[in-house]
>>> print(open('run.txt').read())   # compact mmCIF, C-alpha atoms and all ligand atoms
# COMPACT_ATOMS: atom_id res chain seq x y z
CA MET R 166 37.97 15.53 -45.39
CA SER R 167 39.79 12.21 -45.57
CA ASP R 168 41.25 11.16 -48.86
CA SER R 169 42.88 8.04 -47.47
CA GLY R 170 39.77 5.96 -48.03
CA ALA R 171 39.95 4.71 -44.44
CA PRO R 172 36.90 5.09 -42.21
CA ALA R 173 38.04 8.49 -41.03
CA ALA R 174 37.75 9.78 -37.50
CA GLY R 175 35.80 12.67 -38.97
CA THR R 176 33.10 10.49 -40.46
CA ALA R 177 29.72 12.03 -39.79
CA ARG R 178 26.35 10.38 -39.50
CA LEU R 179 23.04 12.16 -39.28
CA HIS R 180 19.96 10.07 -38.73
CA THR R 181 16.43 10.21 -37.43
CA GLU R 182 14.65 7.60 -35.34
CA GLY R 183 10.87 7.48 -35.52
CA LEU R 184 10.59 11.17 -36.20
CA THR R 185 7.03 12.48 -35.95
CA ALA R 186 6.82 16.19 -36.68
CA GLY R 187 4.47 18.89 -37.86
CA TYR R 188 2.97 22.23 -36.99
CA GLY R 189 0.65 23.20 -34.15
CA ASP R 190 -1.32 20.04 -33.39
CA ILE R 191 -0.90 18.53 -36.86
CA ARG R 192 1.43 15.58 -37.29
CA VAL R 193 2.56 15.88 -40.89
CA ILE R 194 5.24 13.18 -40.87
CA GLN R 195 5.04 10.03 -38.78
CA GLY R 196 7.72 7.63 -37.58
CA VAL R 197 10.32 8.60 -40.14
CA ASP R 198 13.77 6.97 -40.15
CA VAL R 199 16.35 8.42 -42.53
CA GLU R 200 20.14 8.38 -42.48
CA VAL R 201 23.08 9.97 -44.24
CA THR R 202 26.82 9.47 -43.76
CA SER R 203 29.96 11.22 -44.96
CA GLY R 204 30.73 10.95 -48.65
CA THR R 205 27.26 9.84 -49.62
CA MET R 206 24.06 11.40 -50.86
CA SER R 207 20.72 10.33 -49.43
CA ALA R 208 17.70 11.57 -51.33
CA VAL R 209 14.19 12.02 -50.01
CA VAL R 210 11.71 11.98 -52.86
CA GLY R 211 7.95 11.86 -53.13
CA PRO R 212 4.96 13.77 -54.40
CA ASN R 213 4.17 17.35 -53.53
CA GLY R 214 2.73 17.59 -50.02
CA ALA R 215 4.23 14.26 -48.89
CA GLY R 216 6.06 15.93 -46.01
CA LYS R 217 9.58 16.17 -47.40
CA SER R 218 10.18 19.76 -46.33
CA THR R 219 8.57 19.06 -42.98
CA LEU R 220 11.03 16.22 -42.45
CA LEU R 221 13.91 18.63 -43.05
CA LYS R 222 12.31 21.22 -40.80
CA GLY R 223 11.90 18.57 -38.09
CA ILE R 224 15.58 17.72 -38.41
CA LEU R 225 16.58 21.39 -38.27
CA GLY R 226 14.50 22.48 -35.29
CA LEU R 227 12.11 24.45 -37.52
CA ALA R 228 9.03 22.27 -37.08
CA ARG R 229 7.45 20.81 -33.98
CA VAL R 230 8.77 17.37 -33.06
CA PHE R 231 6.13 15.22 -31.36
CA GLU R 232 8.07 11.98 -31.12
CA GLY R 233 11.37 10.46 -32.10
CA GLN R 234 14.87 11.82 -32.31
CA VAL R 235 17.41 13.47 -34.56
CA LEU R 236 20.97 12.27 -33.92
CA LEU R 237 24.31 13.61 -35.10
CA ASN R 238 27.12 11.11 -34.61
CA GLY R 239 24.90 9.31 -32.11
CA GLU R 240 24.21 12.41 -30.00
CA PRO R 241 20.64 13.69 -29.83
CA VAL R 242 20.26 17.14 -31.42
CA THR R 243 16.46 17.07 -31.59
CA GLY R 244 14.89 20.51 -31.58
CA LYS R 245 18.19 22.40 -31.39
CA PRO R 246 18.13 25.77 -33.15
CA LEU R 247 19.85 26.24 -36.50
CA GLU R 248 22.81 28.25 -35.13
CA GLN R 249 23.63 25.47 -32.71
CA LEU R 250 23.28 22.84 -35.44
CA ALA R 251 25.54 24.95 -37.67
CA LYS R 252 28.19 24.97 -34.96
CA ALA R 253 27.81 21.19 -34.67
CA GLY R 254 28.51 20.88 -38.42
CA ILE R 255 25.09 20.80 -40.08
CA ALA R 256 24.50 23.26 -42.92
CA TYR R 257 21.04 23.93 -44.32
CA VAL R 258 20.38 25.28 -47.81
CA PRO R 259 16.70 26.22 -47.93
CA GLN R 260 14.59 26.00 -51.08
CA VAL R 261 14.30 29.79 -51.34
CA ASP R 262 16.10 32.75 -49.80
CA ASP R 263 19.37 30.87 -49.85
CA VAL R 264 21.42 33.78 -51.25
CA PHE R 265 21.35 37.57 -51.14
CA ASP R 266 20.48 38.81 -54.62
CA SER R 267 21.66 42.35 -53.93
CA LEU R 268 25.14 41.20 -52.92
CA ARG R 269 28.07 39.97 -54.98
CA VAL R 270 29.11 36.31 -54.92
CA ARG R 271 32.12 37.11 -52.73
CA GLU R 272 29.92 39.01 -50.27
CA ASN R 273 27.53 36.08 -50.09
CA LEU R 274 30.42 33.79 -49.23
CA GLU R 275 31.64 36.27 -46.61
CA MET R 276 28.15 36.32 -45.08
CA GLY R 277 28.28 32.53 -44.84
CA GLY R 278 31.46 32.87 -42.83
CA TYR R 279 30.61 35.91 -40.76
CA LEU R 280 31.29 33.96 -37.56
CA LEU R 281 34.90 33.41 -38.61
CA ASP R 282 37.92 35.62 -38.20
CA LYS R 283 39.11 37.29 -41.38
CA ALA R 284 42.04 34.98 -42.09
CA THR R 285 39.94 31.84 -41.69
CA ARG R 286 37.18 33.40 -43.78
CA GLU R 287 39.57 34.12 -46.62
CA ALA R 288 41.03 30.62 -46.41
CA ARG R 289 37.52 29.14 -46.53
CA ILE R 290 36.67 31.18 -49.61
CA GLU R 291 39.70 29.59 -51.28
CA GLU R 292 38.41 26.16 -50.23
CA VAL R 293 34.99 26.90 -51.69
CA LEU R 294 36.64 27.98 -54.95
CA GLU R 295 38.48 24.68 -55.04
CA VAL R 296 35.18 22.83 -54.81
CA PHE R 297 33.46 25.17 -57.30
CA PRO R 298 36.21 26.61 -59.54
CA ASP R 299 33.61 28.24 -61.81
CA LEU R 300 32.80 30.68 -59.01
CA ARG R 301 36.26 32.24 -59.09
CA ARG R 302 35.69 34.43 -62.10
CA LYS R 303 32.19 35.29 -60.87
CA LEU R 304 33.19 36.57 -57.44
CA ARG R 305 32.34 40.15 -58.34
CA ARG R 306 29.01 39.34 -60.01
CA PHE R 307 25.79 40.33 -58.30
CA VAL R 308 23.84 37.18 -57.52
CA GLY R 309 20.64 38.78 -58.79
CA SER R 310 22.14 38.86 -62.30
CA MET R 311 23.08 35.17 -62.36
CA SER R 312 21.41 32.02 -63.70
CA GLY R 313 19.56 29.63 -61.40
CA GLY R 314 22.43 27.16 -61.56
CA GLU R 315 25.03 29.80 -60.68
CA ARG R 316 22.88 31.02 -57.84
CA LYS R 317 22.61 27.51 -56.40
CA MET R 318 26.36 27.09 -56.66
CA THR R 319 26.72 30.31 -54.69
CA ALA R 320 24.23 29.04 -52.09
CA PHE R 321 26.15 25.78 -51.71
CA GLY R 322 29.39 27.76 -51.48
CA ARG R 323 27.93 29.98 -48.82
CA ALA R 324 26.87 26.89 -46.83
CA LEU R 325 30.38 25.45 -47.20
CA MET R 326 31.95 28.45 -45.48
CA LEU R 327 31.51 26.94 -42.01
CA ALA R 328 33.09 23.66 -43.20
CA PRO R 329 30.04 21.54 -42.35
CA SER R 330 30.20 17.76 -42.19
CA VAL R 331 26.52 17.43 -43.09
CA MET R 332 24.63 19.42 -45.73
CA VAL R 333 20.85 19.45 -45.88
CA LEU R 334 19.48 20.64 -49.23
CA ASP R 335 15.80 21.39 -49.76
CA GLU R 336 14.79 21.05 -53.43
CA PRO R 337 17.83 22.75 -54.93
CA THR R 338 16.43 22.35 -58.45
CA ALA R 339 13.01 23.89 -57.80
CA GLY R 340 12.12 26.13 -60.73
CA LEU R 341 15.14 25.08 -62.80
CA SER R 342 15.09 23.72 -66.36
CA PRO R 343 15.87 20.03 -66.90
CA ALA R 344 19.34 20.98 -68.17
CA LEU R 345 20.13 23.11 -65.10
CA THR R 346 18.64 20.40 -62.87
CA GLN R 347 21.26 18.00 -64.20
CA VAL R 348 24.00 20.56 -63.55
CA VAL R 349 22.89 21.36 -60.00
CA LEU R 350 22.44 17.71 -59.01
CA GLY R 351 25.23 16.09 -61.00
CA GLU R 352 27.91 18.77 -60.90
CA GLN R 353 27.15 20.53 -57.65
CA ALA R 354 25.27 18.45 -55.06
CA ARG R 355 27.05 15.25 -56.09
CA VAL R 356 30.40 17.03 -55.84
CA LEU R 357 29.65 17.93 -52.22
CA ALA R 358 29.16 14.24 -51.40
CA ASP R 359 32.23 13.24 -53.41
CA ARG R 360 34.19 15.80 -51.38
CA GLY R 361 33.23 13.95 -48.22
CA LYS R 362 30.13 15.78 -47.07
CA ALA R 363 27.11 13.83 -45.88
CA VAL R 364 24.42 15.20 -48.22
CA LEU R 365 20.74 14.85 -47.38
CA ILE R 366 18.71 16.15 -50.28
CA VAL R 367 14.99 16.54 -50.78
CA GLU R 368 13.87 16.53 -54.40
CA GLN R 369 10.59 16.55 -56.21
CA LYS R 370 12.41 15.76 -59.45
CA ALA R 371 12.63 12.15 -58.40
CA LYS R 372 14.20 10.53 -61.43
CA ALA R 373 17.12 12.95 -61.63
CA ALA R 374 17.76 12.65 -57.90
CA LEU R 375 17.45 8.85 -57.79
CA GLU R 376 19.98 8.46 -60.58
CA LEU R 377 22.61 10.24 -58.47
CA ALA R 378 21.74 9.29 -54.91
CA ASP R 379 23.47 6.50 -53.03
CA TRP R 380 20.38 5.83 -50.97
CA ALA R 381 16.77 6.96 -51.31
CA TYR R 382 13.67 7.33 -49.21
CA VAL R 383 10.29 7.63 -50.86
CA MET R 384 7.85 9.63 -48.79
CA VAL R 385 4.14 9.28 -49.33
CA GLN R 386 1.59 10.94 -47.09
CA GLY R 387 4.02 11.63 -44.28
CA ARG R 388 5.61 8.19 -44.10
CA VAL R 389 8.57 6.45 -45.69
CA ALA R 390 6.99 4.08 -48.21
CA MET R 391 10.28 2.68 -49.51
CA SER R 392 13.91 2.82 -48.48
CA ALA R 393 16.42 1.44 -50.96
CA SER R 394 19.21 2.33 -53.35
CA GLY R 395 18.30 5.02 -55.85
CA ARG R 396 18.54 2.45 -58.63
CA ALA R 397 16.19 0.01 -56.86
CA VAL R 398 13.58 2.72 -56.38
CA LEU R 399 13.84 3.71 -60.05
CA GLU R 400 13.24 0.12 -61.10
CA ASP R 401 10.33 -0.53 -58.74
CA PRO R 402 7.00 -0.55 -60.60
CA ASP R 403 5.00 0.57 -57.53
CA MET R 404 7.25 3.59 -57.20
CA ALA R 405 6.82 4.48 -60.84
CA GLU R 406 3.12 4.71 -60.03
CA VAL R 407 3.83 7.07 -57.14
CA PHE R 408 5.87 9.39 -59.34
CA LEU R 409 3.56 9.29 -62.30
CA GLY R 410 1.12 11.11 -60.08
CA GLY R 411 -1.27 8.24 -59.36
CA GLY R 412 -0.41 8.72 -55.72
CA SER R 413 -1.48 5.17 -54.89
CA VAL R 414 0.20 4.21 -51.64
CA PRO R 415 1.97 0.90 -51.19
CA ALA R 416 0.16 -1.16 -48.54
CA ALA R 417 2.90 -1.15 -45.93
CA PRO R 418 6.29 0.42 -45.41
CA ARG R 419 9.10 -1.82 -46.51
CA ALA R 420 12.83 -1.76 -46.73
CA THR R 421 14.79 -3.37 -49.51
CA GLY R 422 18.49 -3.99 -49.46
N1 LIG L 501 3.83 25.84 -41.77
C1 LIG L 501 2.87 24.92 -41.95
N2 LIG L 501 1.78 24.89 -41.15
C2 LIG L 501 0.82 23.95 -41.32
N3 LIG L 501 0.85 22.99 -42.25
C3 LIG L 501 1.93 22.96 -43.07
C4 LIG L 501 2.99 23.92 -42.96
N4 LIG L 501 3.91 23.62 -43.92
C5 LIG L 501 3.44 22.55 -44.57
N5 LIG L 501 2.26 22.16 -44.07
C6 LIG L 501 1.47 21.00 -44.54
O1 LIG L 501 2.25 19.83 -44.42
C7 LIG L 501 2.03 18.96 -45.52
C8 LIG L 501 3.35 18.56 -46.12
O2 LIG L 501 3.99 19.70 -46.63
P1 LIG L 501 5.53 19.71 -47.01
O3 LIG L 501 6.32 19.14 -45.91
O4 LIG L 501 5.86 21.08 -47.47
O5 LIG L 501 5.53 18.68 -48.25
P2 LIG L 501 6.57 18.53 -49.46
O6 LIG L 501 7.82 19.26 -49.11
O7 LIG L 501 6.75 17.06 -49.59
O8 LIG L 501 5.89 19.10 -50.67
C9 LIG L 501 1.11 19.69 -46.47
O9 LIG L 501 -0.19 19.19 -46.31
C10 LIG L 501 1.19 21.12 -46.02
O10 LIG L 501 -0.04 21.77 -46.23
MG MG L 502 8.87 20.87 -50.06
>>> encode(input="run.txt", output="structure tokens")
Amino acid sequence: MSDSGAPAAGTARLHTEGLTAGYGDIRVIQGVDVEVTSGTMSAVVGPNGAGKSTLLKGILGLARVFEGQVLLNGEPVTGKPLEQLAKAGIAYVPQVDDVFDSLRVRENLEMGGYLLDKATREARIEEVLEVFPDLRRKLRRFVGSMSGGERKMTAFGRALMLAPSVMVLDEPTAGLSPALTQVVLGEQARVLADRGKAVLIVEQKAKAALELADWAYVMVQGRVAMSASGRAVLEDPDMAEVFLGGGSVPAAPRATG
């Protein structure tokens, strides 16, 4: 958005305060505080079942919120439906069903911008192609015939069509090889942040995500066990334990600068 480097008027901030969310009567995540701002990538990592997807669903009005708030630029948006959040500038790329396999890349992008008039839609497609130039020569390809990395690029492109300020990505590398994981995180998700988006990403592939994230939250059993720079989490011996599958939980939540 801004390339002046100044704290732009358009700077976005999405954060949660004490978010407790779940399904039915079950509180899956408890008292979670996370934050992401324009031009940065915040990663939520942690073992399978820790509540990472539930956190995203709580943020996106797709899970029940028991307590706490979700705020966009300081305004509460807790429990608002996805369409309303989309209009407010929050795009969500789910783990699955993020593209239409039976449609071409261009058609997927058009679907992402179906709310727009034709001229704006076409202009936005050009903007997406500036962010992801590799998509240009694939516009006529059917998504079902593409690699996992190309499909994710299409999904990100589709989400970009409404020019969001915040992008919420749920495990974009699920099912991908280590090589494609590097491509999707390093050359796609990171590019979104470098282009000024506030990127909140959930990843089970912790090491790859932590190496690229500006800030990280480690979730264990529904709570944030550590909040620190990606590098600090990578170097923390307790966290290594968490990711090596031991699942031993640090005694108390802590925050490290
Ligand atoms: N729709 C649902 N209804 C009830 N329980 C759910 C639902 N989705 C997830 N859960 C439970 O919430 C817990 C956390 O799941 P999830 O948020 O998907 O974790 P993660 O994304 O970290 O793997 C799990 O115990 C899971 O069984
Ligand atoms: Mg998940």
>>> residues_near_ligand(input="run.txt", ligand="ligand MG 502 (chain L)", cutoff="7 Å", atoms="all atoms listed in the file", output="list of chain:residue names")
R:Asn213, R:Gly214, R:Gly216, R:Lys217, R:Ser218, R:Asp335, R:Glu336
>>> closest_atom_pairs(input="run.txt", of="stretch 306-364 of chain R", to="stretch 253-258 of chain R", cutoff="12 Å", atoms="only C-alpha atoms", output="CSV")
residue,atom,partner,partner_atom,distance
R:Arg316,CA,R:Val258,CA,11.8
R:Lys317,CA,R:Val258,CA,9.2
R:Met318,CA,R:Val258,CA,10.8
R:Thr319,CA,R:Val258,CA,10.6
R:Ala320,CA,R:Val258,CA,6.9
R:Phe321,CA,R:Val258,CA,7.0
R:Gly322,CA,R:Val258,CA,10.0
R:Arg323,CA,R:Val258,CA,9.0
R:Ala324,CA,R:Ala256,CA,5.8
R:Leu325,CA,R:Ala256,CA,7.6
R:Met326,CA,R:Ala256,CA,9.4
R:Leu327,CA,R:Gly254,CA,7.7
R:Ala328,CA,R:Gly254,CA,7.2
R:Pro329,CA,R:Gly254,CA,4.3
R:Ser330,CA,R:Gly254,CA,5.2
R:Val331,CA,R:Ile255,CA,4.7
R:Met332,CA,R:Ala256,CA,4.8
R:Val333,CA,R:Tyr257,CA,4.7
R:Leu334,CA,R:Val258,CA,4.9
R:Asp335,CA,R:Val258,CA,6.3
R:Glu336,CA,R:Val258,CA,9.0
R:Pro337,CA,R:Val258,CA,8.0
R:Thr338,CA,R:Val258,CA,11.7
R:Ala354,CA,R:Val258,CA,11.1
R:Leu357,CA,R:Ala256,CA,11.9
R:Lys362,CA,R:Ile255,CA,10.0
R:Ala363,CA,R:Ile255,CA,9.3
R:Val364,CA,R:Ala256,CA,9.6
>>> atom_distance(input="run.txt", atom1="atom CA of R:Met384", atom2="atom CA of R:Gly211")
4.9 Å
>>> residues_near_ligand(input="run.txt", ligand="ligand LIG 501 (chain L)", cutoff="10 Å", atoms="all atoms listed in the file", output="PyMOL selection string")
chain R and resi 186-194+209-223+227-229+260+335-336+367-369+384-387
>>> residues_around(input="run.txt", residues="R:Pro246", least_positions_apart="3", cutoff="7 Å", atoms="only C-alpha atoms", output="ChimeraX atom specification")
/R:225-226,249-250
>>> atom_distance(input="run.txt", atom1="atom CA of R:Asp198", atom2="atom CA of R:Leu237")
13.4 Å
>>> closest_residue(input="run.txt", among="R:Val199, R:Ala373, R:Leu268, R:Leu281", to="R:Gln347", atoms="all atoms listed in the file")
R:Ala373
>>> decode(input="run.txt", residues="stretch 379-412 of chain R", atoms="N, CA and C atoms", output="PDB file, in the first residue's frame")
ATOM      1  N   ASP R 379       7.751 -12.716  11.287  1.00  0.00           N
ATOM      2  CA  ASP R 379       8.280 -11.626  12.099  1.00  0.00           C
ATOM      3  C   ASP R 379       7.997 -11.877  13.572  1.00  0.00           C
ATOM      4  N   TRP R 380       6.836 -12.442  13.841  1.00  0.00           N
ATOM      5  CA  TRP R 380       6.447 -12.701  15.221  1.00  0.00           C
ATOM      6  C   TRP R 380       5.746 -14.060  15.262  1.00  0.00           C
ATOM      7  N   ALA R 381       5.860 -14.742  16.394  1.00  0.00           N
ATOM      8  CA  ALA R 381       5.272 -16.081  16.470  1.00  0.00           C
ATOM      9  C   ALA R 381       4.557 -16.310  17.788  1.00  0.00           C
ATOM     10  N   TYR R 382       3.528 -17.112  17.704  1.00  0.00           N
ATOM     11  CA  TYR R 382       2.780 -17.553  18.876  1.00  0.00           C
ATOM     12  C   TYR R 382       2.779 -19.071  18.860  1.00  0.00           C
ATOM     13  N   VAL R 383       3.193 -19.651  19.968  1.00  0.00           N
ATOM     14  CA  VAL R 383       3.162 -21.109  20.066  1.00  0.00           C
ATOM     15  C   VAL R 383       1.934 -21.498  20.857  1.00  0.00           C
ATOM     16  N   MET R 384       1.043 -22.244  20.214  1.00  0.00           N
ATOM     17  CA  MET R 384      -0.151 -22.701  20.929  1.00  0.00           C
ATOM     18  C   MET R 384       0.031 -24.128  21.383  1.00  0.00           C
ATOM     19  N   VAL R 385      -0.313 -24.366  22.633  1.00  0.00           N
ATOM     20  CA  VAL R 385      -0.300 -25.710  23.194  1.00  0.00           C
ATOM     21  C   VAL R 385      -1.584 -25.862  23.996  1.00  0.00           C
ATOM     22  N   GLN R 386      -2.340 -26.880  23.693  1.00  0.00           N
ATOM     23  CA  GLN R 386      -3.568 -27.169  24.424  1.00  0.00           C
ATOM     24  C   GLN R 386      -4.447 -25.939  24.628  1.00  0.00           C
ATOM     25  N   GLY R 387      -4.657 -25.202  23.530  1.00  0.00           N
ATOM     26  CA  GLY R 387      -5.633 -24.121  23.561  1.00  0.00           C
ATOM     27  C   GLY R 387      -5.159 -22.796  24.127  1.00  0.00           C
ATOM     28  N   ARG R 388      -3.883 -22.745  24.533  1.00  0.00           N
ATOM     29  CA  ARG R 388      -3.360 -21.491  25.082  1.00  0.00           C
ATOM     30  C   ARG R 388      -2.073 -21.098  24.379  1.00  0.00           C
ATOM     31  N   VAL R 389      -1.750 -19.808  24.451  1.00  0.00           N
ATOM     32  CA  VAL R 389      -0.475 -19.356  23.916  1.00  0.00           C
ATOM     33  C   VAL R 389       0.603 -19.634  24.959  1.00  0.00           C
ATOM     34  N   ALA R 390       1.513 -20.564  24.615  1.00  0.00           N
ATOM     35  CA  ALA R 390       2.571 -20.953  25.553  1.00  0.00           C
ATOM     36  C   ALA R 390       3.790 -20.061  25.426  1.00  0.00           C
ATOM     37  N   MET R 391       3.972 -19.450  24.243  1.00  0.00           N
ATOM     38  CA  MET R 391       5.102 -18.539  24.064  1.00  0.00           C
ATOM     39  C   MET R 391       4.780 -17.560  22.953  1.00  0.00           C
ATOM     40  N   SER R 392       5.194 -16.330  23.154  1.00  0.00           N
ATOM     41  CA  SER R 392       4.985 -15.271  22.172  1.00  0.00           C
ATOM     42  C   SER R 392       6.311 -14.539  22.041  1.00  0.00           C
ATOM     43  N   ALA R 393       6.917 -14.620  20.856  1.00  0.00           N
ATOM     44  CA  ALA R 393       8.260 -14.073  20.685  1.00  0.00           C
ATOM     45  C   ALA R 393       8.572 -13.987  19.198  1.00  0.00           C
ATOM     46  N   SER R 394       9.744 -13.473  18.867  1.00  0.00           N
ATOM     47  CA  SER R 394      10.148 -13.473  17.461  1.00  0.00           C
ATOM     48  C   SER R 394      10.281 -14.922  16.993  1.00  0.00           C
ATOM     49  N   GLY R 395      10.122 -15.130  15.703  1.00  0.00           N
ATOM     50  CA  GLY R 395      10.257 -16.478  15.157  1.00  0.00           C
ATOM     51  C   GLY R 395      11.598 -17.079  15.538  1.00  0.00           C
ATOM     52  N   ARG R 396      12.629 -16.273  15.438  1.00  0.00           N
ATOM     53  CA  ARG R 396      13.993 -16.724  15.752  1.00  0.00           C
ATOM     54  C   ARG R 396      14.098 -17.180  17.214  1.00  0.00           C
ATOM     55  N   ALA R 397      13.522 -16.369  18.124  1.00  0.00           N
ATOM     56  CA  ALA R 397      13.607 -16.706  19.557  1.00  0.00           C
ATOM     57  C   ALA R 397      12.888 -18.021  19.851  1.00  0.00           C
ATOM     58  N   VAL R 398      11.766 -18.242  19.179  1.00  0.00           N
ATOM     59  CA  VAL R 398      11.056 -19.509  19.403  1.00  0.00           C
ATOM     60  C   VAL R 398      11.904 -20.676  18.899  1.00  0.00           C
ATOM     61  N   LEU R 399      12.510 -20.481  17.715  1.00  0.00           N
ATOM     62  CA  LEU R 399      13.342 -21.552  17.145  1.00  0.00           C
ATOM     63  C   LEU R 399      14.487 -21.926  18.073  1.00  0.00           C
ATOM     64  N   GLU R 400      15.006 -20.938  18.793  1.00  0.00           N
ATOM     65  CA  GLU R 400      16.186 -21.181  19.615  1.00  0.00           C
ATOM     66  C   GLU R 400      15.842 -21.595  21.037  1.00  0.00           C
ATOM     67  N   ASP R 401      14.550 -21.655  21.357  1.00  0.00           N
ATOM     68  CA  ASP R 401      14.149 -21.974  22.725  1.00  0.00           C
ATOM     69  C   ASP R 401      14.082 -23.492  22.925  1.00  0.00           C
ATOM     70  N   PRO R 402      14.853 -24.030  23.864  1.00  0.00           N
ATOM     71  CA  PRO R 402      14.895 -25.485  24.033  1.00  0.00           C
ATOM     72  C   PRO R 402      13.545 -26.095  24.426  1.00  0.00           C
ATOM     73  N   ASP R 403      12.765 -25.377  25.249  1.00  0.00           N
ATOM     74  CA  ASP R 403      11.444 -25.896  25.628  1.00  0.00           C
ATOM     75  C   ASP R 403      10.562 -26.060  24.398  1.00  0.00           C
ATOM     76  N   MET R 404      10.683 -25.111  23.478  1.00  0.00           N
ATOM     77  CA  MET R 404       9.838 -25.142  22.290  1.00  0.00           C
ATOM     78  C   MET R 404      10.258 -26.273  21.358  1.00  0.00           C
ATOM     79  N   ALA R 405      11.553 -26.540  21.318  1.00  0.00           N
ATOM     80  CA  ALA R 405      12.018 -27.667  20.523  1.00  0.00           C
ATOM     81  C   ALA R 405      11.303 -28.927  20.989  1.00  0.00           C
ATOM     82  N   GLU R 406      11.174 -29.053  22.288  1.00  0.00           N
ATOM     83  CA  GLU R 406      10.475 -30.196  22.891  1.00  0.00           C
ATOM     84  C   GLU R 406       9.035 -30.277  22.383  1.00  0.00           C
ATOM     85  N   VAL R 407       8.370 -29.119  22.386  1.00  0.00           N
ATOM     86  CA  VAL R 407       6.975 -29.077  21.922  1.00  0.00           C
ATOM     87  C   VAL R 407       6.877 -29.601  20.494  1.00  0.00           C
ATOM     88  N   PHE R 408       7.815 -29.160  19.652  1.00  0.00           N
ATOM     89  CA  PHE R 408       7.701 -29.510  18.234  1.00  0.00           C
ATOM     90  C   PHE R 408       8.227 -30.890  17.921  1.00  0.00           C
ATOM     91  N   LEU R 409       9.074 -31.415  18.803  1.00  0.00           N
ATOM     92  CA  LEU R 409       9.558 -32.762  18.550  1.00  0.00           C
ATOM     93  C   LEU R 409       8.533 -33.790  18.994  1.00  0.00           C
ATOM     94  N   GLY R 410       7.355 -33.298  19.369  1.00  0.00           N
ATOM     95  CA  GLY R 410       6.243 -34.208  19.590  1.00  0.00           C
ATOM     96  C   GLY R 410       6.106 -34.654  21.018  1.00  0.00           C
ATOM     97  N   GLY R 411       7.027 -34.228  21.905  1.00  0.00           N
ATOM     98  CA  GLY R 411       6.914 -34.589  23.313  1.00  0.00           C
ATOM     99  C   GLY R 411       5.625 -34.056  23.896  1.00  0.00           C
ATOM    100  N   GLY R 412       5.251 -32.833  23.422  1.00  0.00           N
ATOM    101  CA  GLY R 412       3.999 -32.249  23.862  1.00  0.00           C
ATOM    102  C   GLY R 412       4.029 -31.784  25.302  1.00  0.00           C
TER     103      GLY R 412
END
